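Undergrad: model_3.txt is reproduced below (compact mmCIF, C-alpha atoms).
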# COMPACT_ATOMS: atom_id res chain seq x y z
CA MET A 1 0.84 18.72 7.86
CA PRO A 2 0.91 22.02 5.97
CA ASP A 3 -1.25 20.76 3.07
CA LEU A 4 -4.16 18.41 3.75
CA THR A 5 -3.94 17.00 0.23
CA VAL A 6 -0.30 15.90 0.48
CA THR A 7 0.79 13.47 3.18
CA GLY A 8 4.25 12.72 4.50
CA ALA A 9 4.32 9.85 2.00
CA ALA A 10 5.55 12.45 -0.50
CA LYS A 11 8.83 12.45 1.45
CA SER A 12 9.05 8.95 2.94
CA GLY A 13 8.01 7.18 -0.30
CA PRO A 14 10.67 8.60 -2.64
CA ALA A 15 13.30 8.15 0.08
CA ALA A 16 12.40 4.47 0.54
CA LEU A 17 12.40 3.80 -3.22
CA ARG A 18 15.73 5.57 -3.61
CA MET A 19 17.32 3.62 -0.73
CA ALA A 20 16.04 0.32 -2.15
CA GLY A 21 17.02 1.22 -5.72
CA VAL A 22 13.55 0.46 -7.11
CA THR A 23 10.79 2.25 -9.03
CA HIS A 24 7.00 2.23 -8.77
CA ALA A 25 6.78 -0.30 -11.60
CA ASP A 26 8.86 -2.85 -9.66
CA PHE A 27 6.25 -3.58 -6.96
CA ASP A 28 4.19 -6.74 -7.04
CA VAL A 29 2.04 -5.87 -4.04
CA VAL A 30 1.29 -2.66 -2.12
CA GLU A 31 -0.10 -2.45 1.41
CA ILE A 32 -1.34 1.02 2.43
CA TYR A 33 -2.80 1.99 5.79
CA ASP A 34 -6.48 2.79 5.32
CA SER A 35 -7.80 4.45 8.46
CA PHE A 36 -10.26 6.25 6.18
CA THR A 37 -11.00 5.87 2.47
CA ILE A 38 -9.37 9.21 1.75
CA THR A 39 -6.15 8.06 3.46
CA VAL A 40 -5.52 5.53 0.68
CA LEU A 41 -6.31 8.05 -2.06
CA LEU A 42 -4.03 10.73 -0.59
CA THR A 43 -1.30 8.15 -0.04
CA LEU A 44 -1.44 6.76 -3.59
CA GLU A 45 -0.99 10.30 -4.89
CA SER A 46 1.67 11.29 -2.36
CA LEU A 47 3.67 8.12 -3.04
CA GLY A 48 3.55 8.91 -6.76
CA PHE A 49 1.54 5.94 -8.00
CA CYS A 50 -0.76 8.48 -9.64
CA LYS A 51 -0.89 12.25 -10.02
CA PRO A 52 -2.73 14.58 -7.63
CA GLY A 53 -6.46 14.31 -8.20
CA GLU A 54 -6.22 10.98 -10.04
CA ALA A 55 -6.43 8.49 -7.16
CA GLY A 56 -10.21 8.18 -7.36
CA ASP A 57 -10.07 7.11 -11.00
CA PHE A 58 -7.02 4.94 -10.26
CA ALA A 59 -8.99 2.97 -7.65
CA ARG A 60 -12.32 3.12 -9.49
CA ALA A 61 -10.79 1.19 -12.39
CA VAL A 62 -10.84 -1.88 -10.06
CA ARG A 63 -7.10 -2.29 -10.55
CA THR A 64 -6.68 -3.05 -6.84
CA ARG A 65 -9.13 -5.96 -6.62
CA PRO A 66 -7.91 -9.53 -6.10
CA GLY A 67 -6.28 -10.58 -9.35
CA GLY A 68 -6.09 -6.96 -10.53
CA GLU A 69 -3.07 -5.32 -12.12
CA PHE A 70 -2.21 -3.37 -8.92
CA PRO A 71 -2.63 -5.74 -5.94
CA MET A 72 -3.22 -3.53 -2.91
CA ASN A 73 -4.34 -4.29 0.65
CA THR A 74 -4.65 -7.94 -0.19
CA ASN A 75 -6.17 -8.86 3.16
CA GLY A 76 -8.99 -6.36 2.63
CA GLY A 77 -7.30 -3.55 4.54
CA GLY A 78 -8.25 -2.08 7.87
CA LEU A 79 -11.61 -0.90 6.58
CA SER A 80 -12.85 -4.42 5.80
CA TYR A 81 -10.47 -6.91 7.45
CA THR A 82 -9.83 -5.56 10.93
CA HIS A 83 -8.87 -2.33 12.59
CA PRO A 84 -7.91 -2.80 16.23
CA GLY A 85 -6.54 0.75 16.54
CA MET A 86 -2.90 -0.10 15.84
CA TYR A 87 -3.22 -1.56 12.36
CA GLY A 88 0.29 -0.94 10.99
CA ILE A 89 1.74 -4.31 11.97
CA PHE A 90 -0.95 -6.07 9.93
CA LEU A 91 0.38 -4.31 6.80
CA LEU A 92 3.86 -5.71 7.42
CA ILE A 93 2.51 -9.18 8.21
CA GLU A 94 0.37 -9.27 5.05
CA ALA A 95 3.24 -8.11 2.83
CA THR A 96 5.60 -10.67 4.37
CA ARG A 97 3.09 -13.47 3.90
CA GLN A 98 2.54 -12.42 0.27
CA LEU A 99 6.27 -12.49 -0.39
CA ARG A 100 6.57 -15.94 1.22
CA GLY A 101 3.67 -17.27 -0.86
CA ASP A 102 1.62 -18.28 2.18
CA PHE A 103 -1.83 -18.03 0.57
CA THR A 104 -3.82 -19.98 -1.98
CA GLY A 105 -6.41 -18.69 -4.42
CA GLU A 106 -7.06 -15.09 -5.45
CA ARG A 107 -5.54 -13.59 -2.31
CA GLN A 108 -2.04 -14.75 -3.21
CA VAL A 109 -0.21 -12.46 -5.60
CA LYS A 110 1.51 -14.86 -7.97
CA ASP A 111 5.32 -14.81 -7.74
CA ALA A 112 5.35 -11.69 -5.53
CA GLU A 113 8.94 -10.60 -4.97
CA LEU A 114 8.74 -6.93 -3.98
CA ALA A 115 6.29 -5.16 -1.69
CA LEU A 116 5.76 -1.58 -0.60
CA VAL A 117 4.22 -1.03 2.83
CA HIS A 118 3.12 2.41 3.95
CA GLY A 119 1.73 3.45 7.31
CA THR A 120 0.13 6.72 8.37
CA GLY A 121 -0.32 7.95 11.92
CA GLY A 122 -1.23 11.02 13.88
CA VAL A 123 -3.64 13.30 12.05
CA LEU A 124 -2.33 11.99 8.71
CA SER A 125 0.88 13.72 9.73
CA SER A 126 3.28 10.88 10.53
CA THR A 127 4.26 8.37 7.88
CA SER A 128 6.62 5.51 7.20
CA THR A 129 7.35 3.66 3.98
CA VAL A 130 9.08 0.28 3.84
CA VAL A 131 10.25 -1.76 0.86
CA LEU A 132 10.32 -5.52 1.46
CA GLY A 133 11.77 -8.08 -0.90
CA ARG A 134 12.01 -11.81 -1.23
CA GLY A 135 15.35 -13.16 -2.01
Would you encode the structure as structure tokens?
TA:
Amino acid sequence: MPDLTVTGAAKSGPAALRMAGVTHADFDVVEIYDSFTITVLLTLESLGFCKPGEAGDFARAVRTRPGGEFPMNTNGGGLSYTHPGMYGIFLLIEATRQLRGDFTGERQVKDAELALVHGTGGVLSSTSTVVLGRG
């Protein structure tokens, strides 16, 4: 990781979007690994959802809350839901359940059809981005 402010999401994110033929605006729900608060901020910037240095304001605007305009970590994320040490599978499970419409109330993203899931490992040095769709 040559730059501590840019994660591997800067490479895996654009590649995943390109392979899936989608843009940032197409996603209904986003699940991002949150081993630490800064992990989410760095990932949002590296994935291109906001510019470098803007992730704090992006999140502070409460866009990511239940019912917000940018549904993210809809199960509460690893920092508030659970973090057993190998959290990545929970991101995939949550995104899949959102796309299937498994939930009721605020947790369910209405008519979710496209999800981005991003995991980070190592010392923020290993990443993977997946695009999941319903259809």
Undergrad: May I have the residues within 10 Å of Lys110 of chain A as a PyMOL selection string, using only C-alpha atoms and disregarding those fewer than 4 positions away in the same chain?
TA: chain A and resi 28-29+67+98-99+101+103-106
Undergrad: Pick the closest to Ala9 of chain A from A:Leu116, A:Ser80, A:Thr23, A:Thr96: which is it, counting all atoms listed in the file?
TA: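 Smallest distance to Ala9 of chain A is found for A:Leu116.
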Undergrad: Please determine, counting all atoms listed in the file, which residue among A:Gly121, A:Pro14, A:Gly135, A:Gly8 has the shortest atom-to-atom distance to Gly85 of chain A.
TA: A:Gly121
Undergrad: Would you work out the distance separating atom CA of Glu69 of chain A from atom CA of Leu4 of chain A, expressed in Å to one decimal?
TA: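 Taking atom CA of Glu69 of chain A as the start and atom CA of Leu4 of chain A as the end point, the length is 28.6 Å.
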Undergrad: Using all atoms listed in the file for the distances, tell me which of A:Gly78, A:Gly122, A:Pro66, A:Gly88 is nearest to Ser35 of chain A.
TA: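 Once distances to Ser35 of chain A are computed over all atoms listed in the file, the minimum belongs to A:Gly78.
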Undergrad: Between atom CA of Pro84 of chain A and atom CA of Phe27 of chain A, what distance in Å does the model show, to one decimal?
TA: 27.2 Å
Undergrad: List as a count of residues only the protein and nucleic acid residues near Tyr33 of chain A, meaning an atom at most 8 Å away when only C-alpha atoms are counted, but skip any in the same chain fewer than 5 places from it.
TA: 10
Undergrad: Report, in Å with one decimal, the straight-line distance from atom CA of Thr43 of chain A to atom CA of Thr64 of chain A.
TA: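 Taking atom CA of Thr43 of chain A as the start and atom CA of Thr64 of chain A as the end point, the length is 14.2 Å.
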Undergrad: Using all atoms listed in the file, which residue out of A:Glu94, A:Asp102, A:Glu45, A:Asp57 lies closest to Ala115 of chain A?
TA: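 Ranking A:Glu94, A:Asp102, A:Glu45, A:Asp57 by distance to Ala115 of chain A, first place goes to A:Glu94.
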Undergrad: Counting only C-alpha atoms, which of A:Thr37, A:Val30, A:Leu47, A:Tyr81 gets nearest to Ala112 of chain A?
TA: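 Among A:Thr37, A:Val30, A:Leu47, A:Tyr81, it is A:Val30 that comes nearest to Ala112 of chain A.
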Undergrad: Of the candidates A:Val117, A:Leu92, A:Ala20, A:Val109, which shows the shortest atom-to-atom distance to Leu44 of chain A, using all atoms listed in the file?
TA: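 Selected residue with least distance to Leu44 of chain A: A:Val117.
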Undergrad: Could I get segment 73-86 of chain A from the block written out with all heavy atoms, as a short mmCIF file (atom, residue, chain, number, x, y, z; two decimals), in the first residue's frame?
TA:
data_model
loop_
_atom_site.label_atom_id
_atom_site.label_comp_id
_atom_site.auth_asym_id
_atom_site.auth_seq_id
_atom_site.Cartn_x
_atom_site.Cartn_y
_atom_site.Cartn_z
N ASN A 73 -24.16 -0.17 4.36
CA ASN A 73 -24.01 -1.02 5.54
C ASN A 73 -25.33 -1.12 6.29
O ASN A 73 -25.45 -0.77 7.47
CB ASN A 73 -22.88 -0.52 6.43
CG ASN A 73 -21.53 -0.69 5.76
OD1 ASN A 73 -21.43 -1.18 4.64
ND2 ASN A 73 -20.49 -0.29 6.45
N THR A 74 -26.30 -1.64 5.59
CA THR A 74 -27.68 -1.64 6.06
C THR A 74 -27.94 -2.54 7.28
O THR A 74 -28.99 -2.43 7.89
CB THR A 74 -28.63 -2.03 4.91
OG1 THR A 74 -28.16 -3.24 4.31
CG2 THR A 74 -28.66 -0.93 3.86
N ASN A 75 -26.99 -3.39 7.62
CA ASN A 75 -27.14 -4.18 8.83
C ASN A 75 -26.43 -3.51 10.02
O ASN A 75 -26.38 -4.06 11.10
CB ASN A 75 -26.62 -5.61 8.65
CG ASN A 75 -25.12 -5.65 8.41
OD1 ASN A 75 -24.45 -4.63 8.34
ND2 ASN A 75 -24.59 -6.86 8.27
N GLY A 76 -25.88 -2.34 9.79
CA GLY A 76 -25.16 -1.62 10.84
C GLY A 76 -23.66 -1.72 10.67
O GLY A 76 -22.90 -1.00 11.30
N GLY A 77 -23.21 -2.63 9.81
CA GLY A 77 -21.77 -2.78 9.58
C GLY A 77 -21.08 -3.52 10.71
O GLY A 77 -21.66 -3.80 11.75
N GLY A 78 -19.83 -3.84 10.48
CA GLY A 78 -19.06 -4.58 11.46
C GLY A 78 -18.84 -3.82 12.76
O GLY A 78 -18.69 -4.43 13.82
N LEU A 79 -18.84 -2.50 12.69
CA LEU A 79 -18.60 -1.71 13.89
C LEU A 79 -19.79 -1.69 14.84
O LEU A 79 -19.62 -1.45 16.03
CB LEU A 79 -18.21 -0.27 13.53
CG LEU A 79 -16.85 -0.13 12.86
CD1 LEU A 79 -16.61 1.32 12.43
CD2 LEU A 79 -15.72 -0.60 13.78
N SER A 80 -21.00 -1.95 14.35
CA SER A 80 -22.14 -1.95 15.26
C SER A 80 -22.96 -3.23 15.23
O SER A 80 -23.69 -3.51 16.18
CB SER A 80 -23.07 -0.76 14.97
OG SER A 80 -23.71 -0.92 13.74
N TYR A 81 -22.86 -4.02 14.17
CA TYR A 81 -23.65 -5.24 14.07
C TYR A 81 -22.90 -6.43 14.68
O TYR A 81 -23.33 -7.04 15.64
CB TYR A 81 -24.01 -5.50 12.61
CG TYR A 81 -24.60 -6.85 12.31
CD1 TYR A 81 -25.80 -7.24 12.86
CD2 TYR A 81 -23.94 -7.74 11.48
CE1 TYR A 81 -26.35 -8.48 12.59
CE2 TYR A 81 -24.47 -8.98 11.19
CZ TYR A 81 -25.67 -9.35 11.76
OH TYR A 81 -26.19 -10.58 11.49
N THR A 82 -21.79 -6.76 14.08
CA THR A 82 -20.95 -7.85 14.58
C THR A 82 -19.62 -7.80 13.85
O THR A 82 -19.55 -7.34 12.72
CB THR A 82 -21.61 -9.23 14.34
OG1 THR A 82 -20.80 -10.23 14.97
CG2 THR A 82 -21.73 -9.58 12.89
N HIS A 83 -18.59 -8.24 14.50
CA HIS A 83 -17.30 -8.34 13.82
C HIS A 83 -16.54 -9.53 14.40
O HIS A 83 -15.76 -9.39 15.34
CB HIS A 83 -16.49 -7.06 13.97
CG HIS A 83 -15.38 -6.99 12.97
ND1 HIS A 83 -14.35 -7.89 12.93
CD2 HIS A 83 -15.17 -6.14 11.95
CE1 HIS A 83 -13.55 -7.61 11.94
NE2 HIS A 83 -14.03 -6.54 11.32
N PRO A 84 -16.79 -10.72 13.82
CA PRO A 84 -16.17 -11.92 14.35
C PRO A 84 -14.72 -12.11 13.93
O PRO A 84 -14.11 -13.10 14.28
CB PRO A 84 -17.06 -13.03 13.77
CG PRO A 84 -17.50 -12.47 12.46
CD PRO A 84 -17.69 -11.00 12.71
N GLY A 85 -14.17 -11.18 13.15
CA GLY A 85 -12.80 -11.32 12.68
C GLY A 85 -12.74 -11.57 11.19
O GLY A 85 -11.82 -11.14 10.52
N MET A 86 -13.70 -12.26 10.65
CA MET A 86 -13.79 -12.53 9.21
C MET A 86 -15.15 -12.02 8.75
O MET A 86 -16.07 -12.79 8.49
CB MET A 86 -13.64 -14.03 8.94
CG MET A 86 -12.31 -14.58 9.41
SD MET A 86 -10.95 -13.88 8.51
CE MET A 86 -10.56 -15.21 7.42
#
